Amino acid sequence: MIRRRSNLFQTFFIIVIVVMFVWATFPFYWGIVTSLKDREDINLWFKISLPWLTFKPTAENWIEELKLPEMRNALFNSLTAAFFSTAIAVFLGSLAGYALARFRFEKIKNKDITIWFFSQRVLPPVVIAIPFFIMMKNLHLFDTRTALVLSYTTFNLPFAVIIMRSLFLEIPPEMEEAALVDGYTRFGAFFKVALPLSAPALISTSLICLAAAWNEFLFALFLTSKNAVTIPVLISGGEHSRGVEFWLVGTRAMMAMLPPTLMALLVQRFIVRGLTFGAVKG
Amino acid sequence: MAEIVLRNTVKCYTKGVPVVRNFSLEIHDKEFIVLLGPSGCGKTTVLRMIAGLEEITEGDIYIDAKLVNDMAPRDRDLAMVFQNYAIYPHLTVYGNIAFSLKARDFTKSEIDVRVRSTAKILGIDQYLERKPRHLSGGERQRVALGRAIVRKPKAFLMDEPLSNLDAQLRVHMRFELGQLHRKLGVTTVYVTHDQIEALTLGDRIVLMNAGEIQQIADPFTIYNRPANIFVASFLGSPSMNFFDAKVVREDGIFYLDAESFRLRLTPNITGLADYIGKDVIFGFRPEAIALSEYTRFQNKSENIKVRIDDVEPVGDNELIYVSCGKRLFIANKEASTGVLDRQDVIGKEAKINFNLDRVHIFDKASEQAIYNP
C-alpha cells in the first residue's frame with residue numbers, strides 16, 4: 001500500500017517536473033528554432049519544429065540582423081548603458097554600503113537610511129518614468145545614452161548599496177582597523193583591504209546590475225526614440241504593418257540573451273554567493 | 001620606544017554613560033603593561049583610545065610627551081595585534097608582514113630585508129608564500145605579531161592576542177611573547193581577561209572594573225596586597241575566601257569575631273584601632289587555609305570545625321570545599337602531602353586552620369583594604 005502510494009507520488013512528481021521544465025525551456029527552444037527558420041517556414045509554427053527534420057535551419061536571419069544598422073546601434077547602446085550604469089552604481093554603492101556598514105549616523109539612523117535605499121528599489125518604476133521623461137527632455141538628454149546611464153544607475157544603486165552593505169558587515173572591522181594603524185587612511189583601508197576582500201560580491205553585484213540594465217525595457221521605451229534605442233525596445237519593435245515578424249523577434253531575442261547567459265555561466269558561483277550575502281552569519 | 005600617558009580620559013558611547021571613567025596611567029618606556037579585568041570593563045576601549053581607533057570623550061593622551069588626542073591612528077606610530085589576528089586573507093604571509101611597510105613607502109629591498117628577518121625571528125620564514133588559510137592558529141598569531149614588529153613601532157598594543165588559541169599553544173605563545181618583549185624592549189600595552197597571562201607577562205598590571213582603575217601594581221604586589229575586595233577576588237584561582245566579622249579588642253589584643261569562630265590577630269597587624277566594634281570583611285586565599293592535620297603554618301588560628309562538601313583534584317593540588325554554618329569556602333591542599341579519598345571524606349567533619357600571617361582585612365562599606373600582609 002505504502003509502496004503503491006510512493007510510486008503514485010513519484011509519478012506525479014515526475015510529471016510536475018516535466019511540465020515545469022517545458023514551461024521554463026520552451027521560450028528558449030522557440031526562440032532558437034524560430035531564429036534558424038526561413039521566412040516561409042515560420043508559417044509552419046503550429047507544427048512541431050525540429051531542425052533538419054521538419055525544416056532546414058539557416059543562419060540567414062542572424063547574418064541579416066547583424067548587418068542591420070539599427071541592430072548594431074541597439075547592441076552598442078545596450079552595452080554602453082549597461083556597462084557605465086553598472087560601473088557607476090557599483091562604485092557609488094560600495095562607498096555608500098561601506099559607510100552604512102562602518103559608520104554610525106546620528107541624525108538619520110543607519111537603519112532608516114538603509115530602508116530608504118530599499119524603498120527606492122521596491123518603488124514601481126512606472127511611477128518615476130514620466131518625471132524622468134520630463135527631466136531628461138528639459139535637460140536635452142532625451143534619446144541619449146547619457147539619459148539611459150543616469151536612469152539605470154538610479155535604479156541599480158539601491159541594490160548595489162544594500163548588497164555591498166551586507167557584505168561589508170560580514171568583514172570583521174578589525175581588518176580595516178589594522179590597516180589604519182599600519183599606516184593607511186580610511187580610503188586606503190577601504191581600497192587596500194575592504195574592496196579586495198569583497199571581490200566576489202563586487203563581481204556578483206556587478207553582474208546583477210548589468211543584467212538588470214541590459215534587460216531594462218520601460219525606461220528605454222520612455223527615454224529613447226531612435227538614436228539611443230536599446231535591444232529590448234528593438235525586439236518589441238519587431239511588429240510591423242506586415243504583422244509580427246517572428247523570425248526577427250526570435251533572432252533578436254537570442255542575440256539579447258546571449259551576453260548575459262554567457263556571463264552568468266562564467267561566474268555563476270559569484271552570483272549565488274552574492275544573492276545569499278548576509279543570509280547566514282559566518 | 002615610547003612613553004604613553006593617559007590623563008583623566010573618559011569614553012562615552014552614549015552621552016552621560018561613560019564606559020571608561022577618569023582613566024589616568026603613565027606607561028614607561030620599554031614597560032610591559034597589562035590591562036586586566038572582566039569582560040566589558042573597558043580595557044579594550046582604553047587600548048583602542050591609545051591606538052586612535054576610538055575618539056576620547058574627555059581627557060588627554062600623550063605619546064612621547066606629544067598630545068595625540070586628534071592624531072590619526074597611522075600617525076601615532078603604534079602597532080596593534082588584534083584578538084582575531086585581523087590578518088588579510090587575500091595576501092600571503094609575506095604580503096601581510098610587508099603591508100605596513102608598503103603603506104609607509106619603504107623601498108622594495110628594505111621591505112624584503114625586514115620581512116625576512118622578522119619572519120626568521122618568529123620562525124615563520126618557511127611560510128612566507130602561503131596564504132593565511134593554510135596556516136595553523138599559532139602560525140597565524142605569529143604572522144599578526146610579525147606585522148606588528150616589522151615596522152619597529154614606538155609601542156605594541158595587543159588586544160587579547162592569545163585568547164583564540166588552545167590552552168597548550170597559549171602557554172607556549174605566552175612564553176614566546178615574554179621572550180620577544182625582552183629581546184625587542186618595546187613598550188607594550190597588553191589587554192587580557194586571563195589573570196595568568198597578566199601575572200606572567202606584565203611588569204605592571206592595571207586591574208579595571210566597570211571602566212575604572214582598581215589598582216595599578218606589579219604582579220607580586222597586586223596578588224599579595226590587593227587594594228580592595230574586587231582586586232582580591234578577581235586575582236587568584238580559586239579566588240580569595242571572604243568572611244564578615246566584627247573587630248574586637250581584649251587585653252590589648254585584636255580579634256576578628258566571625259560569630260561561629262574567632263581569630264586572634266598577631267600584634268603586627270595595624271590600622272584596626274578605628275574599627276573596634278565595627279564590621280569588617282576579612283579574607284584568606286585558599287592556600288592560607290589548611291586541614292588541621294596538614295597544617296604547616298607558623299602562625300595558625302585555633303582549630304575551626306567544618307564539614308567537607310567536596311574535594312576537587314587539580315593535578316598537584318586538591319581543592320577542598322568546606323562549610324562552617326552558612327559559610328562556604330575553599331582550602332587548597334598540596335597533593336604531595338597525601339591524596340584524600342573523596343568517598344571517604346565528603347560529608348565528614350574536619351578541622352581547619354587559617355594562616356594568620358596571610359589575613360587580608362577590608363572596610364565593609366568602602367571595600368578598600370585596611371590591612372594586607
# chains A, B, ... in the order shown; residues from 1 in each chain; ligands from 1
$ closest_atom_pairs --of "chain A" --to "chain B" --cutoff "9 Å" --atoms "only C-alpha atoms" --output "JSON lines"
{"residue": "A:Pro172", "atom": "CA", "partner": "B:Ala86", "partner_atom": "CA", "distance": 7.7}
{"residue": "A:Pro173", "atom": "CA", "partner": "B:Ala86", "partner_atom": "CA", "distance": 8.6}
{"residue": "A:Glu174", "atom": "CA", "partner": "B:Ala86", "partner_atom": "CA", "distance": 5.7}
{"residue": "A:Met175", "atom": "CA", "partner": "B:Ala86", "partner_atom": "CA", "distance": 4.9}
{"residue": "A:Glu176", "atom": "CA", "partner": "B:Ala86", "partner_atom": "CA", "distance": 8.4}
{"residue": "A:Glu177", "atom": "CA", "partner": "B:Leu53", "partner_atom": "CA", "distance": 7.1}
{"residue": "A:Ala178", "atom": "CA", "partner": "B:Ala86", "partner_atom": "CA", "distance": 6.7}
{"residue": "A:Ala179", "atom": "CA", "partner": "B:Ser100", "partner_atom": "CA", "distance": 7.4}
{"residue": "A:Leu180", "atom": "CA", "partner": "B:Arg74", "partner_atom": "CA", "distance": 5.7}
{"residue": "A:Val181", "atom": "CA", "partner": "B:Arg74", "partner_atom": "CA", "distance": 4.9}
{"residue": "A:Asp182", "atom": "CA", "partner": "B:Ser100", "partner_atom": "CA", "distance": 4.7}
{"residue": "A:Gly183", "atom": "CA", "partner": "B:Arg74", "partner_atom": "CA", "distance": 4.1}
{"residue": "A:Tyr184", "atom": "CA", "partner": "B:Ala103", "partner_atom": "CA", "distance": 6.1}
{"residue": "A:Thr185", "atom": "CA", "partner": "B:Arg74", "partner_atom": "CA", "distance": 7.2}
{"residue": "A:Gly188", "atom": "CA", "partner": "B:Ala103", "partner_atom": "CA", "distance": 8.8}
{"residue": "A:Val193", "atom": "CA", "partner": "B:Tyr88", "partner_atom": "CA", "distance": 7.3}
{"residue": "A:Pro196", "atom": "CA", "partner": "B:His90", "partner_atom": "CA", "distance": 7.2}
{"residue": "A:Leu197", "atom": "CA", "partner": "B:His90", "partner_atom": "CA", "distance": 6.6}
$ write_last_selection --atoms "C-alpha atoms" --output "mmCIF file, in the first residue's frame"
data_model
loop_
_atom_site.group_PDB
_atom_site.id
_atom_site.type_symbol
_atom_site.label_atom_id
_atom_site.label_comp_id
_atom_site.auth_asym_id
_atom_site.auth_seq_id
_atom_site.Cartn_x
_atom_site.Cartn_y
_atom_site.Cartn_z
ATOM 1 C CA PRO A 172 35.498 41.984 10.574
ATOM 2 C CA PRO A 173 36.135 45.715 11.158
ATOM 3 C CA GLU A 174 39.493 44.808 12.712
ATOM 4 C CA MET A 175 40.776 44.118 9.188
ATOM 5 C CA GLU A 176 40.490 47.772 8.267
ATOM 6 C CA GLU A 177 41.442 48.964 11.727
ATOM 7 C CA ALA A 178 44.675 47.026 11.374
ATOM 8 C CA ALA A 179 45.278 48.864 8.099
ATOM 9 C CA LEU A 180 44.529 52.208 9.788
ATOM 10 C CA VAL A 181 47.107 51.511 12.491
ATOM 11 C CA ASP A 182 49.519 50.146 9.886
ATOM 12 C CA GLY A 183 49.595 53.491 8.129
ATOM 13 C CA TYR A 184 46.633 53.817 5.770
ATOM 14 C CA THR A 185 43.860 56.405 5.670
ATOM 15 C CA GLY A 188 43.399 53.449 1.872
ATOM 16 C CA VAL A 193 41.563 45.778 2.410
ATOM 17 C CA PRO A 196 39.798 43.199 -2.292
ATOM 18 C CA LEU A 197 38.063 41.151 0.394
#
$ residues_around --residues "Arg264 (chain B)" --least-positions-apart "5" --cutoff "9 Å" --atoms "only C-alpha atoms" --output "ChimeraX atom specification"
/B:253-257,301-302,356
$ write_last_selection --atoms "N, CA and C atoms" --output "PDB file, in the first residue's frame"
ATOM      1  N   ILE B 253      44.693  42.927  72.676  1.00  0.00           N
ATOM      2  CA  ILE B 253      44.841  42.034  71.506  1.00  0.00           C
ATOM      3  C   ILE B 253      43.595  42.170  70.622  1.00  0.00           C
ATOM      4  N   PHE B 254      43.849  42.264  69.305  1.00  0.00           N
ATOM      5  CA  PHE B 254      42.727  42.360  68.355  1.00  0.00           C
ATOM      6  C   PHE B 254      42.236  40.968  67.978  1.00  0.00           C
ATOM      7  N   TYR B 255      40.887  40.874  67.897  1.00  0.00           N
ATOM      8  CA  TYR B 255      40.265  39.620  67.434  1.00  0.00           C
ATOM      9  C   TYR B 255      39.311  39.944  66.294  1.00  0.00           C
ATOM     10  N   LEU B 256      39.152  38.995  65.390  1.00  0.00           N
ATOM     11  CA  LEU B 256      38.090  39.095  64.385  1.00  0.00           C
ATOM     12  C   LEU B 256      37.027  38.106  64.815  1.00  0.00           C
ATOM     13  N   ASP B 257      35.863  38.639  65.188  1.00  0.00           N
ATOM     14  CA  ASP B 257      34.801  37.774  65.692  1.00  0.00           C
ATOM     15  C   ASP B 257      33.821  37.463  64.558  1.00  0.00           C
ATOM     16  N   SER B 301      45.566  29.767  63.202  1.00  0.00           N
ATOM     17  CA  SER B 301      44.415  30.047  64.062  1.00  0.00           C
ATOM     18  C   SER B 301      44.103  28.800  64.880  1.00  0.00           C
ATOM     19  N   GLU B 302      43.162  28.959  65.810  1.00  0.00           N
ATOM     20  CA  GLU B 302      42.696  27.778  66.542  1.00  0.00           C
ATOM     21  C   GLU B 302      41.967  26.849  65.555  1.00  0.00           C
ATOM     22  N   LEU B 356      47.398  32.906  59.931  1.00  0.00           N
ATOM     23  CA  LEU B 356      47.141  34.273  60.409  1.00  0.00           C
ATOM     24  C   LEU B 356      48.129  35.293  59.846  1.00  0.00           C
TER      25      LEU B 356
END
$ residues_around --residues "Leu234 (chain A)" --least-positions-apart "3" --cutoff "10 Å" --atoms "only C-alpha atoms" --output "NGL selection string"
:A and (70-71 or 74-75 or 217 or 220-221 or 226 or 229-231 or 237-239 or 248-249 or 252-253)
$ select_by_dssp --residues "region 77-212 of chain B" --states "helix (DSSP H, G or I)" --output "JSON, numbers by chain"
{"B": [93, 94, 95, 96, 97, 98, 99, 100, 101, 102, 103, 108, 109, 110, 111, 112, 113, 114, 115, 116, 117, 118, 119, 120, 121, 122, 125, 126, 127, 132, 133, 134, 137, 138, 139, 140, 141, 142, 143, 144, 145, 146, 147, 148, 149, 167, 168, 169, 170, 171, 172, 173, 174, 175, 176, 177, 178, 179, 180, 181, 182, 183, 184, 195, 196, 197, 198, 199, 200, 201]}
$ residues_around --residues "region 187-197 of chain B" --least-positions-apart "3" --cutoff "9 Å" --atoms "only C-alpha atoms" --output "ChimeraX atom specification"
/B:1-4,27-39,43-44,47,154-163,171,174,181,200-202,234-237
$ residues_around --residues "Val115 (chain B)" --least-positions-apart "6" --cutoff "8 Å" --atoms "only C-alpha atoms" --output "MDAnalysis selection string"
chainID B and resid 94 97:98 150
$ write_last_selection --atoms "C-alpha atoms" --output "compact mmCIF listing (two decimals), in the first residue's frame"
# COMPACT_ATOMS: atom_id res chain seq x y z
CA TYR B 94 54.92 37.97 3.04
CA ILE B 97 54.06 41.38 7.01
CA ALA B 98 55.09 43.82 4.27
CA VAL B 150 58.35 44.55 11.30
$ residues_around --residues "Gly250 (chain A)" --least-positions-apart "2" --cutoff "12 Å" --atoms "only C-alpha atoms" --output "ChimeraX atom specification"
/A:27-39,42,61-62,65,234-236,238-239,244-248,252-257
$ residues_around --residues "region 277-292 of chain B" --least-positions-apart "3" --cutoff "8 Å" --atoms "only C-alpha atoms" --output "mmCIF file with C-alpha atoms, in the first residue's frame"
data_model
loop_
_atom_site.group_PDB
_atom_site.id
_atom_site.type_symbol
_atom_site.label_atom_id
_atom_site.label_comp_id
_atom_site.auth_asym_id
_atom_site.auth_seq_id
_atom_site.Cartn_x
_atom_site.Cartn_y
_atom_site.Cartn_z
ATOM 1 C CA GLY B 236 43.732 34.022 42.225
ATOM 2 C CA PRO B 238 40.064 29.834 43.125
ATOM 3 C CA SER B 239 39.533 33.331 44.417
ATOM 4 C CA MET B 240 40.004 34.594 47.974
ATOM 5 C CA ASN B 241 37.547 33.480 50.678
ATOM 6 C CA PHE B 242 35.750 36.355 52.403
ATOM 7 C CA PHE B 243 34.108 36.420 55.816
ATOM 8 C CA ASP B 244 32.104 39.042 57.717
ATOM 9 C CA ALA B 245 33.430 39.786 61.193
ATOM 10 C CA LYS B 246 33.479 42.329 63.960
ATOM 11 C CA VAL B 247 36.740 43.779 65.238
ATOM 12 C CA VAL B 248 37.091 43.166 68.972
ATOM 13 C CA THR B 295 48.835 22.486 58.612
ATOM 14 C CA ASN B 303 41.024 24.690 65.066
ATOM 15 C CA ILE B 330 37.741 26.675 49.677
ATOM 16 C CA ALA B 331 41.008 25.373 51.063
ATOM 17 C CA ASN B 332 43.959 24.339 48.984
ATOM 18 C CA LYS B 333 45.994 21.256 49.816
ATOM 19 C CA ALA B 350 37.040 18.124 59.817
ATOM 20 C CA LYS B 351 39.116 20.830 61.420
ATOM 21 C CA ILE B 352 40.834 23.608 59.595
ATOM 22 C CA ASN B 353 43.289 26.373 60.436
ATOM 23 C CA PHE B 354 43.862 29.779 58.893
ATOM 24 C CA ASN B 355 47.348 31.123 58.300
ATOM 25 C CA ARG B 358 48.186 35.860 55.444
ATOM 26 C CA VAL B 359 44.987 37.583 56.571
ATOM 27 C CA HIS B 360 43.583 40.440 54.462
ATOM 28 C CA ILE B 361 41.172 42.854 56.125
ATOM 29 C CA PHE B 362 38.804 45.174 54.225
ATOM 30 C CA ASP B 363 36.471 48.007 55.168
ATOM 31 C CA LYS B 364 32.936 46.687 54.782
#
$ closest_residue --among "A:Leu202, A:Val127, A:Val233, A:Met263" --to "Glu216 (chain A)" --atoms "only C-alpha atoms"
A:Val233
$ select_by_dssp --residues "region 10-148 of chain B" --states "strand (DSSP E or B)" --output "PyMOL selection string"
chain B and resi 10-14+17-27+32-36+58-63+66-67+78-81
$ atom_distance --atom1 "CA of Lys300 (chain B)" --atom2 "CA of Pro219 (chain B)"
26.2 Å
$ atom_distance --atom1 "CA of Asp316 (chain B)" --atom2 "CA of Glu334 (chain B)"
6.2 Å
